[in-house]
Structure formats: C-alpha cells, structure tokens
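Below: one structure, written as structure tokens.
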Amino acid sequence: MSTSEAASAPARSPFDLPDVSGLVVGVLGGTGPQGRGLAYRLARAGQQVVIGSRSAERAQEKAEELGLGVRGADNATTAAESDIVIVAVPWEGHAELLESLREQLAGKIVVDCVNPLGFDKQGAYALKPAEGSAAQQAAALLPDSRVTAAFHHLSAVLLLDPSVEEVDIDVLVLGEERAATDAVQALANRVPGMRGVFAGRLRNAHQVESLVANLISVNRRYKAHAGLRITDV
C-alpha cells in the first residue's frame, strides 16, 4: 500500500477485535481466589484454560474442582503451554515468579492483574513499586514478552459464584502493543456481561492497580462487590 492509499484508508474501528476463542489461557496463581475465579469464568465461556501453581498436584486438584475442562499444572508448564498468560499471584511473590519464568513466557501475551497493596488498621492502601507499577515491573522482568495489564477490579466472590450469569463490569486494559491489548480486550469480552476497554499505556497502570484499595473501602462500607463501568464508550 502506498503512502497516499494508507492516508486515505478508513480509520480502524476501536471495536474491531480478534477471535481469541481458540487460544489457550494460562493462569499463574490459579489456585488462589482471583485466579480460580478468572479460570472459571473463561472456561465457562468456552476458553481452554490451564491453572498453574508451585505444586502441580494442588493445581490439578483445584482444576478438577472447577471442572469445565480446566487443567492443572506447575507454573512453568502452564506458562509454556499457554498462548495468553494471566499473572494472578500475590504481590509479594510477583517478581520472583516472573524472573523464574522468563524463558517460558518469551513471546507470550502476559496479562498482569496484580495489585500492590498494603493493609493496616485503616484498611487497604496502594504501594508504589520502584518500576512504577506491578505491570511495569513485569515488563522490566520480561523483555521478550508482550506485557499488558488487566482484570484488576474483579470480585473473586462474584467470579466464583455459579449462580451469577453475567459479570457486570468493564475491564481496563493497558499495554504498549495494540495487537496484544486487542487480544486481551477480546478475551474479556468472552465472559457474559464483561467488556474490555483500552485504558492507555503501561505507564498509567499504577492508578488502575491502586484503585482496588478504593473499591475495597466501598465494598466494606456497603457490603458489596463493586466494579467499574465506563460511560459513553
């Protein structure tokens, strides 16, 4: 295509997203509440899902509890066998795990949904990693991966509740590469009620991760499972 043809080509719609239904999704930290919840919802939507843990036996046990064809494996196998890898581990073990899986995660779309938080008598508060955010730390540790950030504001209680038919929430997706963020948005869209919305580059991930502290306060005050909706999009 010539420069003039490119200039006259219609702008790409932000709502055009790829088909990700055939991709395998791995969830590191898939035996924890958030990881299991994401695995359950994606598998329920028809996605192939592998949950990872330090113990393959524990991962397989939790996978059998979820059903829906979910498989369990150790973290390294999960990373190696998946096309998209969701990182849902505790913040305290975030860096160590990603460093250990750099080879297996090379070339993969990595979705970081870790929220660096502290807790004291006043409740939850945001921590500021040296790199700026958990997602930026992941990008620094995984230079050969396609790192994105998403799935931060989901209630594990709602995700794991089989009586909840639709998860009423928008998922903010951040990243440097449009093809990668489009794929993650499309993955979010697979879950009924859920919608992926592009929300900027990774340098803006800190405030997205930090907002979870506010949602925890909302949930405690109102006995709710609050999420986000973006208007006018």
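By convention here, the chains of the structure tokens are called A, B, ... in the order presented, each chain's residues are numbered starting at 1, and ligands are numbered starting at 1 in the order presented.
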
Pick out the residues sitting within 8 Å of A:Ser82, and hand them over as number ranges by chain; count only C-alpha atoms, and ignore anything fewer than 2 positions along from it in its own chain.
A: 23-26, 50, 78-80, 84-85, 108

Compile the contact shell of stretch 206-215 of chain A as an mmCIF file with N, CA, C and O atoms, in the first residue's frame: residues with an atom at most 8 Å away, counting only C-alpha atoms, same-chain residues fewer than 2 positions apart removed.
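So the final result, stored in result_31.cif, reads:
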```
data_model
loop_
_atom_site.group_PDB
_atom_site.id
_atom_site.type_symbol
_atom_site.label_atom_id
_atom_site.label_comp_id
_atom_site.auth_asym_id
_atom_site.auth_seq_id
_atom_site.Cartn_x
_atom_site.Cartn_y
_atom_site.Cartn_z
ATOM 1 N N CYS A 113 -2.467 -8.848 36.481
ATOM 2 C CA CYS A 113 -3.619 -8.306 37.202
ATOM 3 C C CYS A 113 -3.324 -8.164 38.689
ATOM 4 O O CYS A 113 -4.231 -8.148 39.522
ATOM 5 N N VAL A 114 -2.042 -8.046 39.014
ATOM 6 C CA VAL A 114 -1.612 -7.961 40.408
ATOM 7 C C VAL A 114 -1.771 -6.537 40.924
ATOM 8 O O VAL A 114 -1.439 -5.566 40.231
ATOM 9 N N ASN A 115 -2.277 -6.423 42.135
ATOM 10 C CA ASN A 115 -2.484 -5.123 42.777
ATOM 11 C C ASN A 115 -1.553 -5.002 43.978
ATOM 12 O O ASN A 115 -1.780 -5.668 44.998
ATOM 13 N N PRO A 116 -0.505 -4.168 43.898
ATOM 14 C CA PRO A 116 0.387 -3.987 45.049
ATOM 15 C C PRO A 116 -0.320 -3.182 46.150
ATOM 16 O O PRO A 116 -0.509 -1.973 46.023
ATOM 17 N N LEU A 117 -0.714 -3.858 47.202
ATOM 18 C CA LEU A 117 -1.461 -3.219 48.282
ATOM 19 C C LEU A 117 -0.837 -3.545 49.624
ATOM 20 O O LEU A 117 -0.236 -4.606 49.817
ATOM 21 N N ALA A 124 -7.058 -0.863 53.393
ATOM 22 C CA ALA A 124 -6.120 -1.095 52.291
ATOM 23 C C ALA A 124 -5.547 0.219 51.784
ATOM 24 O O ALA A 124 -6.219 1.252 51.804
ATOM 25 N N TYR A 125 -4.294 0.165 51.326
ATOM 26 C CA TYR A 125 -3.674 1.337 50.713
ATOM 27 C C TYR A 125 -2.723 0.868 49.618
ATOM 28 O O TYR A 125 -2.222 -0.254 49.642
ATOM 29 N N ALA A 126 -2.505 1.738 48.641
ATOM 30 C CA ALA A 126 -1.686 1.378 47.481
ATOM 31 C C ALA A 126 -0.200 1.471 47.802
ATOM 32 O O ALA A 126 0.249 2.385 48.497
ATOM 33 N N LEU A 127 0.554 0.523 47.273
ATOM 34 C CA LEU A 127 2.004 0.561 47.321
ATOM 35 C C LEU A 127 2.521 1.028 45.966
ATOM 36 O O LEU A 127 1.884 0.820 44.939
ATOM 37 N N LYS A 128 3.691 1.660 45.944
ATOM 38 C CA LYS A 128 4.270 2.140 44.691
ATOM 39 C C LYS A 128 5.566 1.383 44.417
ATOM 40 O O LYS A 128 6.602 1.670 45.021
ATOM 41 N N GLY A 132 7.214 1.608 39.106
ATOM 42 C CA GLY A 132 6.022 2.414 38.879
ATOM 43 C C GLY A 132 4.740 1.654 39.117
ATOM 44 O O GLY A 132 3.757 2.207 39.597
ATOM 45 N N SER A 133 4.709 0.368 38.783
ATOM 46 C CA SER A 133 3.520 -0.463 38.948
ATOM 47 C C SER A 133 3.929 -1.922 38.829
ATOM 48 O O SER A 133 5.044 -2.245 38.392
ATOM 49 N N ALA A 134 3.019 -2.809 39.199
ATOM 50 C CA ALA A 134 3.285 -4.232 39.018
ATOM 51 C C ALA A 134 3.467 -4.569 37.543
ATOM 52 O O ALA A 134 4.348 -5.349 37.168
ATOM 53 N N HIS A 152 -8.034 -6.138 37.003
ATOM 54 C CA HIS A 152 -7.693 -5.733 38.370
ATOM 55 C C HIS A 152 -8.895 -5.599 39.301
ATOM 56 O O HIS A 152 -8.766 -5.761 40.506
ATOM 57 N N HIS A 153 -10.051 -5.236 38.777
ATOM 58 C CA HIS A 153 -11.154 -4.770 39.612
ATOM 59 C C HIS A 153 -12.286 -5.782 39.739
ATOM 60 O O HIS A 153 -13.434 -5.411 39.940
ATOM 61 N N LEU A 172 -10.440 -2.655 32.415
ATOM 62 C CA LEU A 172 -9.492 -1.697 31.843
ATOM 63 C C LEU A 172 -8.238 -2.446 31.401
ATOM 64 O O LEU A 172 -7.636 -3.187 32.188
ATOM 65 N N ARG A 203 2.551 2.919 31.519
ATOM 66 C CA ARG A 203 2.942 3.960 32.476
ATOM 67 C C ARG A 203 1.746 4.448 33.289
ATOM 68 O O ARG A 203 1.920 5.099 34.327
ATOM 69 N N ASN A 204 0.528 4.151 32.820
ATOM 70 C CA ASN A 204 -0.679 4.541 33.543
ATOM 71 C C ASN A 204 -1.270 3.410 34.373
ATOM 72 O O ASN A 204 -2.395 3.520 34.870
ATOM 73 N N SER A 217 -12.628 -0.347 50.070
ATOM 74 C CA SER A 217 -13.330 0.523 51.027
ATOM 75 C C SER A 217 -14.818 0.604 50.715
ATOM 76 O O SER A 217 -15.661 0.570 51.615
ATOM 77 N N VAL A 218 -15.143 0.708 49.422
ATOM 78 C CA VAL A 218 -16.553 0.719 49.002
ATOM 79 C C VAL A 218 -17.232 -0.573 49.434
ATOM 80 O O VAL A 218 -18.332 -0.565 50.012
ATOM 81 N N ASN A 219 -16.591 -1.679 49.153
ATOM 82 C CA ASN A 219 -17.186 -2.977 49.461
ATOM 83 C C ASN A 219 -17.407 -3.174 50.955
ATOM 84 O O ASN A 219 -18.426 -3.737 51.376
ATOM 85 N N ALA A 226 -18.204 -4.264 44.419
ATOM 86 C CA ALA A 226 -18.205 -3.171 43.435
ATOM 87 C C ALA A 226 -17.226 -3.391 42.297
ATOM 88 O O ALA A 226 -16.166 -3.984 42.477
ATOM 89 N N GLY A 227 -17.617 -2.890 41.127
ATOM 90 C CA GLY A 227 -16.732 -2.900 39.957
ATOM 91 C C GLY A 227 -16.851 -1.564 39.250
ATOM 92 O O GLY A 227 -17.332 -0.583 39.825
#
```

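Between A:Leu38 and the candidates A:Leu154, A:Gly175, A:Ala199, A:Asp19, the tightest atom-to-atom separation, counting only C-alpha atoms, involves A:Leu154.
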
Neighbouring residues of A:Asp144 were defined as those with any atom within 12 Å, considering only C-alpha atoms; residues of the same chain fewer than 6 positions away were excluded. Please report them as a compact mmCIF listing (two decimals) with all heavy atoms, in the first residue's frame.
```txt
# COMPACT_ATOMS: atom_id res chain seq x y z
N LEU A 98 8.06 -14.23 38.11
CA LEU A 98 8.26 -13.82 36.73
C LEU A 98 9.71 -14.00 36.29
O LEU A 98 9.98 -14.41 35.16
CB LEU A 98 7.81 -12.38 36.53
CG LEU A 98 6.30 -12.13 36.73
CD1 LEU A 98 5.95 -10.69 36.38
CD2 LEU A 98 5.47 -13.09 35.91
N GLU A 99 10.64 -13.70 37.18
CA GLU A 99 12.06 -13.93 36.85
C GLU A 99 12.32 -15.39 36.53
O GLU A 99 13.06 -15.72 35.60
CB GLU A 99 12.94 -13.48 38.01
CG GLU A 99 13.18 -11.98 38.07
CD GLU A 99 14.17 -11.62 39.17
OE1 GLU A 99 13.98 -12.09 40.31
OE2 GLU A 99 15.12 -10.88 38.88
N LEU A 101 10.31 -17.50 35.25
CA LEU A 101 9.58 -17.98 34.06
C LEU A 101 9.89 -17.17 32.81
O LEU A 101 9.16 -17.24 31.83
CB LEU A 101 8.07 -17.94 34.34
CG LEU A 101 7.56 -18.82 35.47
CD1 LEU A 101 6.06 -18.61 35.67
CD2 LEU A 101 7.85 -20.29 35.18
N ARG A 102 10.97 -16.40 32.85
CA ARG A 102 11.29 -15.52 31.71
C ARG A 102 11.37 -16.31 30.40
O ARG A 102 10.84 -15.87 29.37
CB ARG A 102 12.60 -14.79 31.98
CG ARG A 102 12.98 -13.80 30.89
CD ARG A 102 14.24 -13.05 31.30
NE ARG A 102 14.00 -12.24 32.49
CZ ARG A 102 14.96 -11.77 33.28
NH1 ARG A 102 16.24 -12.05 33.00
NH2 ARG A 102 14.67 -11.03 34.32
N GLU A 103 11.99 -17.45 30.42
CA GLU A 103 12.16 -18.24 29.20
C GLU A 103 10.81 -18.76 28.69
O GLU A 103 10.50 -18.66 27.50
CB GLU A 103 13.10 -19.41 29.45
CG GLU A 103 13.33 -20.29 28.23
CD GLU A 103 14.29 -21.44 28.52
OE1 GLU A 103 14.96 -21.42 29.58
OE2 GLU A 103 14.37 -22.36 27.68
N GLN A 104 9.99 -19.31 29.60
CA GLN A 104 8.71 -19.89 29.20
C GLN A 104 7.72 -18.82 28.72
O GLN A 104 6.82 -19.12 27.92
CB GLN A 104 8.09 -20.65 30.37
CG GLN A 104 8.82 -21.92 30.76
CD GLN A 104 9.93 -21.67 31.77
OE1 GLN A 104 10.36 -20.53 31.97
NE2 GLN A 104 10.38 -22.72 32.41
N LEU A 105 7.87 -17.59 29.21
CA LEU A 105 6.93 -16.52 28.87
C LEU A 105 7.39 -15.70 27.66
O LEU A 105 6.66 -14.81 27.22
CB LEU A 105 6.73 -15.59 30.07
CG LEU A 105 5.99 -16.20 31.26
CD1 LEU A 105 6.02 -15.25 32.45
CD2 LEU A 105 4.55 -16.53 30.88
N ALA A 106 8.54 -15.99 27.11
CA ALA A 106 9.04 -15.25 25.95
C ALA A 106 8.07 -15.39 24.78
O ALA A 106 7.62 -16.49 24.44
CB ALA A 106 10.42 -15.76 25.55
N GLY A 107 7.72 -14.27 24.19
CA GLY A 107 6.82 -14.25 23.04
C GLY A 107 5.35 -14.33 23.39
O GLY A 107 4.50 -14.16 22.51
N LYS A 108 5.02 -14.58 24.65
CA LYS A 108 3.62 -14.74 25.06
C LYS A 108 2.99 -13.38 25.42
O LYS A 108 3.69 -12.45 25.82
CB LYS A 108 3.52 -15.66 26.28
CG LYS A 108 4.19 -17.01 26.14
CD LYS A 108 3.48 -17.88 25.12
CE LYS A 108 4.17 -19.22 24.93
NZ LYS A 108 4.00 -20.14 26.05
N ILE A 109 1.68 -13.29 25.27
CA ILE A 109 0.94 -12.16 25.84
C ILE A 109 0.79 -12.43 27.33
O ILE A 109 0.21 -13.45 27.72
CB ILE A 109 -0.44 -11.99 25.18
CG1 ILE A 109 -0.30 -11.62 23.71
CG2 ILE A 109 -1.25 -10.92 25.92
CD1 ILE A 109 -1.62 -11.50 22.96
N VAL A 110 1.34 -11.57 28.13
CA VAL A 110 1.27 -11.70 29.59
C VAL A 110 0.32 -10.63 30.12
O VAL A 110 0.48 -9.44 29.82
CB VAL A 110 2.67 -11.54 30.23
CG1 VAL A 110 2.57 -11.55 31.75
CG2 VAL A 110 3.59 -12.66 29.75
N ALA A 138 6.65 -6.19 35.65
CA ALA A 138 6.57 -7.35 34.78
C ALA A 138 7.24 -7.09 33.44
O ALA A 138 7.99 -7.93 32.92
CB ALA A 138 5.12 -7.75 34.56
```

Just want the 8 Å neighbourhood of A:Leu159, counted on only C-alpha atoms, with same-chain residues fewer than 5 positions away dropped. Output as an MDAnalysis selection string.
chainID A and resid 34 37:38 40:41 154 164 167

Please run DSSP on the backbone and report, as number ranges by chain, all residues within stretch 40-225 of chain A that come out as helix (DSSP H, G or I).
A: 40-44, 56-66, 75-81, 91-100, 102-105, 134-141, 156-160, 178-189, 202-222

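Atom CA of A:Asp170 to atom CA of A:Arg190 spans 12.3 Å [interatomic distance, one decimal].
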
Restricting to only C-alpha atoms, whichever of A:Gly32, A:Pro162, A:Gly196, A:Gly22 is closest to A:Arg44 is A:Pro162

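Neighbours of A:Val27 closer than or equal to 7 Å, with only C-alpha atoms counted and sequence neighbours fewer than 4 positions away skipped, come out as Gly35, Ala39, Val50, Ile51, Gly52, Val85, Ile86, Val87 and Ala88 of chain A.
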
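Atom CA of A:Met194 sits 12.3 Å away from atom CA of A:Val173.
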
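Take atom CA of A:Val171 and atom CA of A:Ser53: the distance between them is 24.5 Å.
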
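In this comparison, which uses only C-alpha atoms, the residue of A:Ser13, A:Ser21, A:Thr31, A:Thr181 approaching A:Pro90 most closely is A:Thr31.
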
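With distances restricted to only C-alpha atoms, A:Val111 is the closest residue to A:Arg146 from A:Ala130, A:Ile169, A:Val111, A:Val197.
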
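Of the listed residues A:Trp91, A:Phe198, A:Phe119, A:Phe151, the one whose atoms come nearest to A:Val233 is A:Phe198, with distances taken using only C-alpha atoms.
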
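Here the DSSP assignment of strand (DSSP E), based on backbone atoms, applies within stretch 93-132 of chain A to Ile109, Val110, Val111, Asp112, Leu117, Gly118, Phe119, Asp120, Gly123, Ala124, Tyr125 and Ala126 of chain A.
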
May I have the residues from that selection written out with N, CA, C and O atoms, as an mmCIF file, in the first residue's frame?
```cif
data_model
loop_
_atom_site.group_PDB
_atom_site.id
_atom_site.type_symbol
_atom_site.label_atom_id
_atom_site.label_comp_id
_atom_site.auth_asym_id
_atom_site.auth_seq_id
_atom_site.Cartn_x
_atom_site.Cartn_y
_atom_site.Cartn_z
ATOM 1 N N ILE A 109 1.680 -13.289 25.266
ATOM 2 C CA ILE A 109 0.937 -12.161 25.836
ATOM 3 C C ILE A 109 0.785 -12.434 27.326
ATOM 4 O O ILE A 109 0.206 -13.449 27.725
ATOM 5 N N VAL A 110 1.342 -11.565 28.132
ATOM 6 C CA VAL A 110 1.273 -11.696 29.586
ATOM 7 C C VAL A 110 0.317 -10.626 30.117
ATOM 8 O O VAL A 110 0.482 -9.436 29.819
ATOM 9 N N VAL A 111 -0.670 -11.051 30.877
ATOM 10 C CA VAL A 111 -1.676 -10.137 31.425
ATOM 11 C C VAL A 111 -1.462 -10.037 32.929
ATOM 12 O O VAL A 111 -1.741 -10.983 33.667
ATOM 13 N N ASP A 112 -0.947 -8.907 33.385
ATOM 14 C CA ASP A 112 -0.682 -8.741 34.809
ATOM 15 C C ASP A 112 -1.920 -8.137 35.480
ATOM 16 O O ASP A 112 -2.379 -7.077 35.097
ATOM 17 N N LEU A 117 -0.714 -3.858 47.202
ATOM 18 C CA LEU A 117 -1.461 -3.219 48.282
ATOM 19 C C LEU A 117 -0.837 -3.545 49.624
ATOM 20 O O LEU A 117 -0.236 -4.606 49.817
ATOM 21 N N GLY A 118 -1.005 -2.600 50.556
ATOM 22 C CA GLY A 118 -0.681 -2.841 51.947
ATOM 23 C C GLY A 118 -1.949 -2.741 52.766
ATOM 24 O O GLY A 118 -2.950 -2.179 52.300
ATOM 25 N N PHE A 119 -1.923 -3.272 53.984
ATOM 26 C CA PHE A 119 -3.098 -3.238 54.850
ATOM 27 C C PHE A 119 -2.665 -2.865 56.262
ATOM 28 O O PHE A 119 -1.647 -3.353 56.763
ATOM 29 N N ASP A 120 -3.436 -1.986 56.885
ATOM 30 C CA ASP A 120 -3.216 -1.651 58.284
ATOM 31 C C ASP A 120 -4.573 -1.446 58.952
ATOM 32 O O ASP A 120 -5.613 -1.802 58.368
ATOM 33 N N GLY A 123 -7.253 0.146 56.888
ATOM 34 C CA GLY A 123 -7.725 -0.531 55.691
ATOM 35 C C GLY A 123 -6.641 -0.701 54.646
ATOM 36 O O GLY A 123 -5.439 -0.654 54.948
ATOM 37 N N ALA A 124 -7.058 -0.863 53.393
ATOM 38 C CA ALA A 124 -6.120 -1.095 52.291
ATOM 39 C C ALA A 124 -5.547 0.219 51.784
ATOM 40 O O ALA A 124 -6.219 1.252 51.804
ATOM 41 N N TYR A 125 -4.294 0.165 51.326
ATOM 42 C CA TYR A 125 -3.674 1.337 50.713
ATOM 43 C C TYR A 125 -2.723 0.868 49.618
ATOM 44 O O TYR A 125 -2.222 -0.254 49.642
ATOM 45 N N ALA A 126 -2.505 1.738 48.641
ATOM 46 C CA ALA A 126 -1.686 1.378 47.481
ATOM 47 C C ALA A 126 -0.200 1.471 47.802
ATOM 48 O O ALA A 126 0.249 2.385 48.497
#
```

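Distances from A:Asp232, A:Asp168, A:Asp161, A:Glu96 to A:Leu141 were compared using only C-alpha atoms, and the smallest one belongs to A:Glu96.
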